[in-house]
Protein chains: 4
Amino acid sequence: MIIILKPNCSEEQLTHVLEKIEEFGLKHDVSQGEHRTLIGVIGEEDVVRNAPLRAIPGVENVVPVLKPYKLASREVQREDSAFDVGHGVTVGGGSLGMIAGPCAIEGEDVLLEIAKSVKAAGANILRGGAFKPRTSPYSYQGMGEEGLKILRKIGDELGMPVVTEVMDPRQVELIDKYTDLFQIGARNMQNFNLLTEVGQTKRPVLLKRGMSATVEDLLMSAEYILANGNPRVILCERGIKSFDSSTRNLLDLAMVPNCKGLSHLPIIVDPSHATGRPELIPSMALAAIAAGADGVHIEVHCRPEEAMSDGQQALLPDQFAEVMEQMRKLAEVCGRTIPKPSSN
Amino acid sequence: MIIILKPNCSEEQLTHVLEKIEEFGLKHDVSQGEHRTLIGVIGEEDVVRNAPLRAIPGVENVVPVLKPYKLASREVQREDSAFDVGHGVTVGGGSLGMIAGPCAIEGEDVLLEIAKSVKAAGANILRGGAFKPRTSPYSYQGMGEEGLKILRKIGDELGMPVVTEVMDPRQVELIDKYTDLFQIGARNMQNFNLLTEVGQTKRPVLLKRGMSATVEDLLMSAEYILANGNPRVILCERGIKSFDSSTRNLLDLAMVPNCKGLSHLPIIVDPSHATGRPELIPSMALAAIAAGADGVHIEVHCRPEEAMSDGQQALLPDQFAEVMEQMRKLAEVCGRTIPKPSSN
Amino acid sequence: MIIILKPNCSEEQLTHVLEKIEEFGLKHDVSQGEHRTLIGVIGEEDVVRNAPLRAIPGVENVVPVLKPYKLASREVQREDSAFDVGHGVTVGGGSLGMIAGPCAIEGEDVLLEIAKSVKAAGANILRGGAFKPRTSPYSYQGMGEEGLKILRKIGDELGMPVVTEVMDPRQVELIDKYTDLFQIGARNMQNFNLLTEVGQTKRPVLLKRGMSATVEDLLMSAEYILANGNPRVILCERGIKSFDSSTRNLLDLAMVPNCKGLSHLPIIVDPSHATGRPELIPSMALAAIAAGADGVHIEVHCRPEEAMSDGQQALLPDQFAEVMEQMRKLAEVCGRTIPKPSSN
Amino acid sequence: MIIILKPNCSEEQLTHVLEKIEEFGLKHDVSQGEHRTLIGVIGEEDVVRNAPLRAIPGVENVVPVLKPYKLASREVQREDSAFDVGHGVTVGGGSLGMIAGPCAIEGEDVLLEIAKSVKAAGANILRGGAFKPRTSPYSYQGMGEEGLKILRKIGDELGMPVVTEVMDPRQVELIDKYTDLFQIGARNMQNFNLLTEVGQTKRPVLLKRGMSATVEDLLMSAEYILANGNPRVILCERGIKSFDSSTRNLLDLAMVPNCKGLSHLPIIVDPSHATGRPELIPSMALAAIAAGADGVHIEVHCRPEEAMSDGQQALLPDQFAEVMEQMRKLAEVCGRTIPKPSSN
């Protein structure tokens, strides 16, 4: 932590700042520049971070030096995290999680049809929403527990781990019975009580980046889960807000290598929500793999025009199979492996 | 709703689109332009809004004509909403809610000291956080129920309604026992389950705008509360994300007249979180009143450098009293009234 | 300037960094923290600012301490700048510049009609575009020199200084013959050659903030003009880009007190371009005055539906007169003065 | 163009709107909905686009149906544009332009050293700035004509076409003597007079996207060049502004397939300016190729810590050679070809 004093900071004020630092059990190192006095604060930055140092008279600015997250940090763990997410599927450390499925679970037949098609194309994790966060109270809100049962049944039938969104701390116990991974949606990335709850389970968590979250914000939300004892967090980039409305959101692929430098956690990219336009999804899925992502998350529907939610951004099974094939070739060139679809 | 077809849309595709519209029980009106065919969809827009029309082959774009919110809309209710928020204080319709207090409740003595000072300056609603949404799991998380008790006690002692944040559906019942208004924080603006819960209480709700929420997003979140039976929602502008980090957030004052045109709900402005810099708060509080806001929300602390949370953005009691005095004069010129502080 | 070294920075790298600093004729002050080593760089920051210190191996980050602008800075000049802009009108230091007129000059009769109306309402500077920066090559591009002649003539007739946009360094000489103030539009805020050219004239410059310019970017562009010898720059906030398309741009009123803290230059607010919606302009004009602005810039047209450019955002003369009257009352309460309209 | 009328629009107002449309020589098609009346405007949209229809009383909104650009549009030209940019190098239609070189030309020896290294790695276009747009008037501004001579000489020596930035319409004639391609920088993307000037030359133009330009804005700027007679425009994505300052800008790779759908013009991606961090450039260069870009633009310097400009974001020659090798393999998988470096 560096404290920059105002140009007109008095001797008394300086003394007061130094006393405050000592009160926190920290040391200081004053550096008198030509135009400004700087104070290096030496010791555990966490202690200082929570102190309102900028509120002390004479202080112009406070510059943090260390990152505010620890468990999520590459400095704490050098090697990539990789872990089993169910049914023998590993995500991280070169193993790619290929998540696919419909936006919402709409019934057993339609989910089975979609699940079979994405599995045949090589997807290794099945997604489907039972509780849907909808902007409008008048929109379809999901099948609830009935949907969870269907998802679990089909996941087991096909031997695929399943992921579904949890929106409310009160749903954690229920969903925990049926799912392999929890998904935390973009709108709940800073729902700290929900993060705490899933942090106290033993299930891996797919944590989606909030629409206006910085990379540091995302890693701090991961830290909540890690600090509560659950080390299995997968970050997910799904686009952020921008001034150009020609795509639904703005996909930030540079966050992939950026996060990889800062954190050991795996990162998956969701080009479906990021673009909201099926014709852009394949290119962005390929770019995600090239950028170093540990997988993708793509919405697929057999009959998008009949989908209960977000049909306009779903790929058809054929389109999904085609982009899977291209990603497989690309991954190979990049030294990673997307498993071949099983022949059954 | 207007459907714009692709330039190369076939006759078959057009027929299919029209059939789909009829399936929803709606009428259509086809308009053949020189370069594009347009279809006006006539009937209840809500029905169509949830249908994935953009997923139908041949459709280029779908343009909504009506707003997706109803109960929050100025079209449904022409006159301004105004309602009692406790202890005889009305917000809306020319009556201003002047909310002040510390970021976090830190103890009875310090809250009483702050509360007395803001009341003496003319504040008519007392704020204080007992459950704090903190970006870091290692930061101070609030006093919990003990804090709520202190807040209630001091509110009653001074005859001020109190407002405190609710972060979790599970806290609604507890907080409901102690508070006059619920605050929904920016990070929870799209926590739909929480909105639903507070919508089922009888308490007014101070709904803060999310950091990347459009005005329509905010009104849709208000609609969740209204649709659940609670008509008393106060909107709150507290700054949105921007590319300029010289202020904590970017205060969007144009949203005040913008919302007033679209909705009958009162709007309060929070210059404390919007700027994060005490020296900018007074000007922005004055500008908020001039822009037509129904009140302000300002953080005040007697000793900011000792505050447990956000001390760096708190005004001192003297600074608050001064800006209250200026706002009072300004409001008068603008034809509204900020009540004089009581003499006791 | 503070240099933060990487955690694994070697002794050799540190030595190399220190040598580099000495090469620039600067001193250094090394502070060994628990987790990071910091180097305070002492001396003229400008010298260091241009050196690629971040490119030196072992350097993690470089934190500037001083502002990169000097002449524009409040540290160099404590008191507000105020200057004559023609016909005895002063802007700055409590004197407000009330700029009004049509987007484009469309002919003598229509300009005279508009100019008389805005003058009668109390405007003291007349605006009108002769060279128009249009997004489309197929849109109306302005009357050129003929327009300038009309503007000059009417300005002199009514005793009002005039302001018009300059888009091209090659136009500076021509426009200089006719105008009192140069306007630099938002799209040209970082057209450094144009800034240099107007910096070499003796005319005041109305410098509009770019759509994605930070406050620091704006002040750096002002610095270009000042450094070329022209001290008379008026900053102009006209809205920046945001994710909410319900207004044309996002008006950033907090930049007014923010800039006033950093710089002595006057600041004018343009609610017309900021909102693009006539019904929002009056509130934002009032808010601008309350926020401490040194004036406003408002587009007015007698028959907006016949305007050659931006008619949809013009106020009618009556609407303008009404908001002028309100601003006058507001300014009085805020301790500033908007001159009464002359009775002739 | 669709005109949406206000719910309370009177018969008289409707008649007035229809008369206005007829005045422009256009036809109309009125569609009476349950809640709103819509008017489809039939005819040349350009005529209407410039009319201030939103300023007519009773009009709520105006929705354009057609794109405002024509020559740049995929509707006008179905097949990809591809053209020679000098020395037999083609860009577009599957041929990739691999642009590399230093930010600024600093002297003959250093440019030759860099140019040889990037050519050996497979770059086929050499870049170097002679006139530099610098945020600060106190920063290095470039070598000017002397730099251009050096660039030309080395380009010819190595058989590489060269590209350099033009910032001012007055420089066009001079730079035209020395360069193969003009570069228009991000800050000048809407410098319409400069676009017009380069549109009147016969040289290809590398048009960089402005920091807050939508894809439509970029295509409109390309349209300026095309409408002036120069069909050879290469679009360039170089990152836009965002709220996350951990990268210099935010690379928008989805704009590549997005633009490809809308326009036939080639698109090149610049990961150097987009990220500003050398460690992120390789991944983003690979992702750009995977996304379908027609090439990349990468800054390279032999000794970044001595660079006169932007040294902190330059790749070393070895790093560049490595990413070129990876891009070559990737391009092959994607069905495109990056030529092998020549052996001389």
# chains A, B, ... in the order shown; residues from 1 in each chain; ligands from 1
$ closest_atom_pairs --of "chain A" --to "chain C" --cutoff "12 Å" --atoms "only C-alpha atoms" --output "Markdown table"
| residue | atom | partner | partner_atom | distance |
| --- | --- | --- | --- | --- |
| A:Met1 | CA | C:Gly33 | CA | 9.2 |
| A:Ile2 | CA | C:Leu38 | CA | 9.0 |
| A:Ile3 | CA | C:Val65 | CA | 10.4 |
| A:Ile4 | CA | C:Val65 | CA | 7.6 |
| A:Leu5 | CA | C:Val65 | CA | 9.9 |
| A:Lys6 | CA | C:Val65 | CA | 10.5 |
| A:Pro7 | CA | C:Glu75 | CA | 9.1 |
| A:Asn8 | CA | C:Glu75 | CA | 10.5 |
| A:Leu26 | CA | C:Glu34 | CA | 10.8 |
| A:Lys27 | CA | C:Gly33 | CA | 9.3 |
| A:His28 | CA | C:Gly33 | CA | 9.3 |
| A:Asp29 | CA | C:Ser31 | CA | 6.8 |
| A:Val30 | CA | C:Ser31 | CA | 8.8 |
| A:Ser31 | CA | C:Asp29 | CA | 6.8 |
| A:Gln32 | CA | C:Ile42 | CA | 8.1 |
| A:Gly33 | CA | C:Ile42 | CA | 5.2 |
| A:Glu34 | CA | C:Gly43 | CA | 6.0 |
| A:His35 | CA | C:Leu66 | CA | 7.9 |
| A:Arg36 | CA | C:Val65 | CA | 7.7 |
| A:Thr37 | CA | C:Gly40 | CA | 9.7 |
| A:Leu38 | CA | C:Gly40 | CA | 7.9 |
| A:Ile39 | CA | C:Ser31 | CA | 9.4 |
| A:Gly40 | CA | C:Ser31 | CA | 6.9 |
| A:Val41 | CA | C:Gly33 | CA | 7.6 |
| A:Ile42 | CA | C:Gly33 | CA | 5.2 |
| A:Gly43 | CA | C:Glu34 | CA | 6.0 |
| A:Glu44 | CA | C:Glu34 | CA | 8.0 |
| A:Glu45 | CA | C:His35 | CA | 9.4 |
| A:Glu60 | CA | C:Val65 | CA | 9.9 |
| A:Asn61 | CA | C:Val65 | CA | 9.1 |
| A:Val62 | CA | C:Val65 | CA | 10.7 |
| A:Val63 | CA | C:Val63 | CA | 8.3 |
| A:Pro64 | CA | C:Val63 | CA | 10.4 |
| A:Val65 | CA | C:Ile4 | CA | 7.6 |
| A:Leu66 | CA | C:His35 | CA | 7.9 |
| A:Lys67 | CA | C:His35 | CA | 10.9 |
| A:Glu75 | CA | C:Pro7 | CA | 9.1 |
| A:Met211 | CA | C:Phe243 | CA | 10.9 |
| A:Ser212 | CA | C:Phe243 | CA | 10.5 |
| A:Ile240 | CA | C:Phe243 | CA | 10.1 |
| A:Lys241 | CA | C:Phe243 | CA | 6.3 |
| A:Ser242 | CA | C:Phe243 | CA | 5.1 |
| A:Phe243 | CA | C:Phe243 | CA | 4.2 |
| A:Asp244 | CA | C:Phe243 | CA | 7.3 |
| A:Ser245 | CA | C:Phe243 | CA | 7.9 |
| A:Ser246 | CA | C:Phe243 | CA | 11.5 |
| A:Thr247 | CA | C:Phe243 | CA | 11.7 |
| A:Arg248 | CA | C:Phe243 | CA | 10.9 |
| A:Asn249 | CA | C:Phe243 | CA | 9.8 |
| A:Leu250 | CA | C:Phe243 | CA | 10.8 |
$ write_last_selection --atoms "N, CA and C atoms" --output "short mmCIF file (atom, residue, chain, number, x, y, z; two decimals), in the first residue's frame"
data_model
loop_
_atom_site.label_atom_id
_atom_site.label_comp_id
_atom_site.auth_asym_id
_atom_site.auth_seq_id
_atom_site.Cartn_x
_atom_site.Cartn_y
_atom_site.Cartn_z
N MET A 1 0.85 -1.20 0.00
CA MET A 1 0.00 0.00 0.00
C MET A 1 0.89 1.25 0.00
N ILE A 2 0.57 2.18 -0.89
CA ILE A 2 1.31 3.44 -0.91
C ILE A 2 0.33 4.56 -0.62
N ILE A 3 0.69 5.44 0.30
CA ILE A 3 -0.15 6.61 0.58
C ILE A 3 0.52 7.82 -0.05
N ILE A 4 -0.23 8.56 -0.86
CA ILE A 4 0.30 9.78 -1.48
C ILE A 4 -0.33 10.96 -0.74
N LEU A 5 0.51 11.83 -0.21
CA LEU A 5 -0.01 12.97 0.55
C LEU A 5 -0.29 14.16 -0.37
N LYS A 6 -1.17 15.03 0.08
CA LYS A 6 -1.46 16.25 -0.69
C LYS A 6 -0.24 17.16 -0.69
N PRO A 7 -0.11 18.02 -1.70
CA PRO A 7 1.08 18.88 -1.77
C PRO A 7 1.18 19.80 -0.55
N ASN A 8 0.03 20.18 -0.02
CA ASN A 8 0.04 21.12 1.12
C ASN A 8 -0.16 20.40 2.46
N LEU A 26 1.43 -1.67 11.76
CA LEU A 26 2.19 -1.72 10.51
C LEU A 26 3.37 -0.75 10.58
N LYS A 27 4.31 -0.95 9.66
CA LYS A 27 5.46 -0.04 9.58
C LYS A 27 5.29 0.90 8.40
N HIS A 28 6.07 2.00 8.42
CA HIS A 28 5.98 2.95 7.30
C HIS A 28 7.37 3.36 6.85
N ASP A 29 7.42 3.85 5.62
CA ASP A 29 8.68 4.26 5.02
C ASP A 29 8.37 5.53 4.21
N VAL A 30 8.75 6.67 4.76
CA VAL A 30 8.40 7.95 4.13
C VAL A 30 9.42 8.32 3.07
N SER A 31 8.92 8.72 1.90
CA SER A 31 9.80 9.11 0.80
C SER A 31 9.40 10.52 0.35
N GLN A 32 10.33 11.47 0.57
CA GLN A 32 10.05 12.87 0.28
C GLN A 32 10.42 13.17 -1.17
N GLY A 33 9.43 13.36 -2.04
CA GLY A 33 9.71 13.69 -3.42
C GLY A 33 9.80 15.19 -3.60
N GLU A 34 10.00 15.64 -4.85
CA GLU A 34 10.08 17.09 -5.07
C GLU A 34 8.72 17.75 -4.94
N HIS A 35 7.69 17.02 -5.36
CA HIS A 35 6.35 17.62 -5.38
C HIS A 35 5.38 16.96 -4.41
N ARG A 36 5.68 15.74 -3.99
CA ARG A 36 4.75 15.00 -3.14
C ARG A 36 5.53 14.14 -2.15
N THR A 37 4.91 13.91 -1.00
CA THR A 37 5.47 12.95 -0.05
C THR A 37 4.70 11.63 -0.18
N LEU A 38 5.45 10.54 -0.24
CA LEU A 38 4.84 9.22 -0.35
C LEU A 38 5.14 8.44 0.93
N ILE A 39 4.21 7.59 1.32
CA ILE A 39 4.46 6.70 2.45
C ILE A 39 4.24 5.26 2.00
N GLY A 40 5.28 4.46 2.04
CA GLY A 40 5.13 3.03 1.79
C GLY A 40 4.66 2.37 3.09
N VAL A 41 3.58 1.60 3.02
CA VAL A 41 3.08 0.93 4.22
C VAL A 41 3.52 -0.52 4.16
N ILE A 42 4.25 -0.95 5.19
CA ILE A 42 4.85 -2.28 5.18
C ILE A 42 4.14 -3.17 6.18
N GLY A 43 3.73 -4.35 5.72
CA GLY A 43 3.04 -5.29 6.61
C GLY A 43 1.88 -5.94 5.89
N GLU A 44 0.95 -6.51 6.63
CA GLU A 44 -0.17 -7.20 6.02
C GLU A 44 -1.15 -6.21 5.40
N GLU A 45 -1.20 -6.25 4.08
CA GLU A 45 -2.01 -5.25 3.38
C GLU A 45 -3.50 -5.37 3.73
N GLU A 60 -3.97 12.36 -0.21
CA GLU A 60 -4.52 12.63 -1.54
C GLU A 60 -5.04 11.35 -2.17
N ASN A 61 -4.28 10.27 -2.03
CA ASN A 61 -4.65 9.04 -2.71
C ASN A 61 -3.99 7.86 -2.01
N VAL A 62 -4.59 6.70 -2.17
CA VAL A 62 -4.04 5.48 -1.59
C VAL A 62 -3.94 4.46 -2.72
N VAL A 63 -2.76 3.95 -2.97
CA VAL A 63 -2.54 3.02 -4.08
C VAL A 63 -2.24 1.64 -3.53
N PRO A 64 -3.15 0.67 -3.76
CA PRO A 64 -2.85 -0.69 -3.31
C PRO A 64 -1.73 -1.29 -4.15
N VAL A 65 -0.92 -2.12 -3.54
CA VAL A 65 0.17 -2.77 -4.27
C VAL A 65 -0.15 -4.24 -4.49
N LEU A 66 -0.73 -4.86 -3.50
CA LEU A 66 -1.04 -6.28 -3.62
C LEU A 66 -2.48 -6.49 -4.06
N LYS A 67 -2.74 -7.64 -4.62
CA LYS A 67 -4.09 -8.01 -5.03
C LYS A 67 -4.93 -8.31 -3.80
N GLU A 75 -0.23 -16.40 -7.27
CA GLU A 75 0.93 -16.31 -6.38
C GLU A 75 0.85 -17.38 -5.29
N MET A 211 -22.11 -8.43 -15.46
CA MET A 211 -22.10 -7.62 -16.68
C MET A 211 -21.23 -6.38 -16.59
N SER A 212 -20.95 -5.96 -15.37
CA SER A 212 -20.05 -4.81 -15.24
C SER A 212 -18.96 -5.10 -14.22
N ILE A 240 -19.74 -8.55 -21.36
CA ILE A 240 -20.03 -7.44 -20.44
C ILE A 240 -20.79 -6.37 -21.19
N LYS A 241 -21.24 -5.36 -20.46
CA LYS A 241 -22.04 -4.30 -21.07
C LYS A 241 -21.16 -3.39 -21.94
N SER A 242 -21.71 -2.94 -23.04
CA SER A 242 -20.99 -1.95 -23.84
C SER A 242 -21.98 -1.04 -24.52
N PHE A 243 -21.43 -0.04 -25.19
CA PHE A 243 -22.26 0.98 -25.84
C PHE A 243 -22.77 0.53 -27.20
N ASP A 244 -22.31 -0.62 -27.68
CA ASP A 244 -22.74 -1.06 -29.01
C ASP A 244 -23.80 -2.15 -28.86
N SER A 245 -25.00 -1.83 -29.24
CA SER A 245 -26.10 -2.76 -29.02
C SER A 245 -26.24 -3.77 -30.15
N SER A 246 -25.27 -3.82 -31.07
CA SER A 246 -25.42 -4.78 -32.17
C SER A 246 -25.15 -6.22 -31.73
N THR A 247 -24.51 -6.39 -30.59
CA THR A 247 -24.47 -7.71 -29.97
C THR A 247 -25.08 -7.57 -28.56
N ARG A 248 -25.57 -8.68 -28.03
CA ARG A 248 -26.26 -8.63 -26.74
C ARG A 248 -25.33 -8.12 -25.64
N ASN A 249 -24.12 -8.63 -25.62
CA ASN A 249 -23.10 -8.16 -24.70
C ASN A 249 -21.79 -8.09 -25.48
N LEU A 250 -20.73 -7.71 -24.79
CA LEU A 250 -19.44 -7.61 -25.46
C LEU A 250 -18.52 -8.68 -24.88
#
$ residues_around --residues "Ile150 (chain C)" --least-positions-apart "6" --cutoff "9 Å" --atoms "only C-alpha atoms" --output "PDB file with N, CA and C atoms, in the first residue's frame"
ATOM      1  N   ILE C 105     -26.304  26.786 -39.382  1.00  0.00           N
ATOM      2  CA  ILE C 105     -26.761  28.035 -40.014  1.00  0.00           C
ATOM      3  C   ILE C 105     -27.443  27.638 -41.318  1.00  0.00           C
ATOM      4  N   GLY C 107     -29.548  29.977 -43.178  1.00  0.00           N
ATOM      5  CA  GLY C 107     -29.921  31.141 -43.983  1.00  0.00           C
ATOM      6  C   GLY C 107     -30.046  32.339 -43.059  1.00  0.00           C
ATOM      7  N   GLU C 108     -30.025  33.539 -43.632  1.00  0.00           N
ATOM      8  CA  GLU C 108     -29.992  34.742 -42.800  1.00  0.00           C
ATOM      9  C   GLU C 108     -31.299  34.942 -42.037  1.00  0.00           C
ATOM     10  N   LEU C 111     -31.732  32.409 -39.122  1.00  0.00           N
ATOM     11  CA  LEU C 111     -30.770  32.624 -38.039  1.00  0.00           C
ATOM     12  C   LEU C 111     -31.136  33.886 -37.257  1.00  0.00           C
ATOM     13  N   LEU C 112     -31.520  34.934 -37.981  1.00  0.00           N
ATOM     14  CA  LEU C 112     -31.868  36.181 -37.307  1.00  0.00           C
ATOM     15  C   LEU C 112     -33.065  35.961 -36.377  1.00  0.00           C
TER      16      LEU C 112
END
$ atom_distance --atom1 "CA of Asp80 (chain C)" --atom2 "CA of Glu216 (chain C)"
18.1 Å
$ atom_distance --atom1 "CA of Gly101 (chain A)" --atom2 "CA of Ile21 (chain B)"
26.7 Å
$ select_by_dssp --residues "region 154-216 of chain C" --states "strand (DSSP E or B)" --output "ChimeraX atom specification"
/C:162-165,181-184,205-208
$ residues_around --residues "Phe182 (chain B)" --least-positions-apart "2" --cutoff "12 Å" --atoms "only C-alpha atoms" --output "number ranges by chain"
B: 85-86, 127-131, 148, 161-169, 171-180, 184-185, 194-195, 197-199, 201-208, 225, 230, 232-235
$ write_last_selection --atoms "C-alpha atoms" --output "PDB file, in the first residue's frame"
ATOM      1  CA  VAL B  85     -42.617   5.703   4.752  1.00  0.00           C
ATOM      2  CA  GLY B  86     -43.099   5.833   8.530  1.00  0.00           C
ATOM      3  CA  ARG B 127     -29.978   5.019   7.172  1.00  0.00           C
ATOM      4  CA  GLY B 128     -27.514   2.445   8.539  1.00  0.00           C
ATOM      5  CA  GLY B 129     -26.312  -0.949   7.342  1.00  0.00           C
ATOM      6  CA  ALA B 130     -26.483  -4.054   9.551  1.00  0.00           C
ATOM      7  CA  PHE B 131     -25.759  -6.575   6.783  1.00  0.00           C
ATOM      8  CA  LEU B 148     -30.960  -3.644  13.574  1.00  0.00           C
ATOM      9  CA  PRO B 161     -38.195   6.280   9.888  1.00  0.00           C
ATOM     10  CA  VAL B 162     -35.197   4.041   9.240  1.00  0.00           C
ATOM     11  CA  VAL B 163     -33.901   2.251   6.148  1.00  0.00           C
ATOM     12  CA  THR B 164     -31.448  -0.652   6.037  1.00  0.00           C
ATOM     13  CA  GLU B 165     -30.246  -3.029   3.368  1.00  0.00           C
ATOM     14  CA  VAL B 166     -31.614  -6.521   2.862  1.00  0.00           C
ATOM     15  CA  MET B 167     -29.307  -8.819   0.905  1.00  0.00           C
ATOM     16  CA  ASP B 168     -30.917 -12.225   1.183  1.00  0.00           C
ATOM     17  CA  PRO B 169     -34.515 -13.518   0.970  1.00  0.00           C
ATOM     18  CA  GLN B 171     -33.278 -11.934   6.000  1.00  0.00           C
ATOM     19  CA  VAL B 172     -36.592 -10.385   4.926  1.00  0.00           C
ATOM     20  CA  GLU B 173     -38.599 -11.640   7.872  1.00  0.00           C
ATOM     21  CA  LEU B 174     -35.997 -10.594  10.424  1.00  0.00           C
ATOM     22  CA  ILE B 175     -35.345  -7.154   8.985  1.00  0.00           C
ATOM     23  CA  ASP B 176     -39.059  -6.565   8.543  1.00  0.00           C
ATOM     24  CA  LYS B 177     -39.343  -6.549  12.356  1.00  0.00           C
ATOM     25  CA  TYR B 178     -36.984  -3.619  12.729  1.00  0.00           C
ATOM     26  CA  THR B 179     -37.005  -1.399   9.676  1.00  0.00           C
ATOM     27  CA  ASP B 180     -39.414   1.080   8.081  1.00  0.00           C
ATOM     28  CA  ILE B 184     -32.193  -3.275  -2.150  1.00  0.00           C
ATOM     29  CA  GLY B 185     -28.574  -2.564  -3.050  1.00  0.00           C
ATOM     30  CA  LEU B 194     -35.256 -11.051  -3.268  1.00  0.00           C
ATOM     31  CA  LEU B 195     -37.421  -8.604  -5.223  1.00  0.00           C
ATOM     32  CA  GLU B 197     -39.893 -11.460  -1.300  1.00  0.00           C
ATOM     33  CA  VAL B 198     -39.904  -7.748  -0.497  1.00  0.00           C
ATOM     34  CA  GLY B 199     -42.766  -7.407  -2.978  1.00  0.00           C
ATOM     35  CA  THR B 201     -44.214  -7.411   2.392  1.00  0.00           C
ATOM     36  CA  LYS B 202     -46.012  -4.183   3.195  1.00  0.00           C
ATOM     37  CA  ARG B 203     -42.874  -2.047   3.607  1.00  0.00           C
ATOM     38  CA  PRO B 204     -41.719   0.596   1.138  1.00  0.00           C
ATOM     39  CA  VAL B 205     -38.612  -0.395  -0.803  1.00  0.00           C
ATOM     40  CA  LEU B 206     -35.669   1.809  -1.763  1.00  0.00           C
ATOM     41  CA  LEU B 207     -34.509   0.119  -4.966  1.00  0.00           C
ATOM     42  CA  LYS B 208     -30.990   1.074  -6.046  1.00  0.00           C
ATOM     43  CA  ILE B 225     -41.972  -5.677  -6.554  1.00  0.00           C
ATOM     44  CA  ASN B 230     -46.216  -3.915  -2.981  1.00  0.00           C
ATOM     45  CA  ARG B 232     -44.408   1.486  -2.558  1.00  0.00           C
ATOM     46  CA  VAL B 233     -41.135   1.521  -4.489  1.00  0.00           C
ATOM     47  CA  ILE B 234     -38.658   4.408  -4.445  1.00  0.00           C
ATOM     48  CA  LEU B 235     -36.104   4.297  -7.243  1.00  0.00           C
TER      49      LEU B 235
END
$ select_by_dssp --residues "region 78-216 of chain D" --states "helix (DSSP H, G or I)" --output "count of residues only"
49
$ closest_residue --among "C:Ser136, C:Asn124, C:Gln183, C:Thr275" --to "Leu253 (chain B)" --atoms "only C-alpha atoms"
C:Thr275
$ closest_residue --among "C:Ser73, C:Gln312, C:Pro231, C:Gly147" --to "Asp109 (chain C)" --atoms "only C-alpha atoms"
C:Gly147
$ atom_distance --atom1 "CA of Asp84 (chain B)" --atom2 "CA of Arg187 (chain B)"
26.2 Å
$ residues_around --residues "region 291-307 of chain A" --least-positions-apart "2" --cutoff "7 Å" --atoms "only C-alpha atoms" --output "MDAnalysis selection string"
(chainID A and resid 91:92 94:103 114 253 256:257 266:272 285 287:289 309:312 314:317) or (chainID B and resid 52:53 55:56) or (chainID D and resid 283:284 286:287)
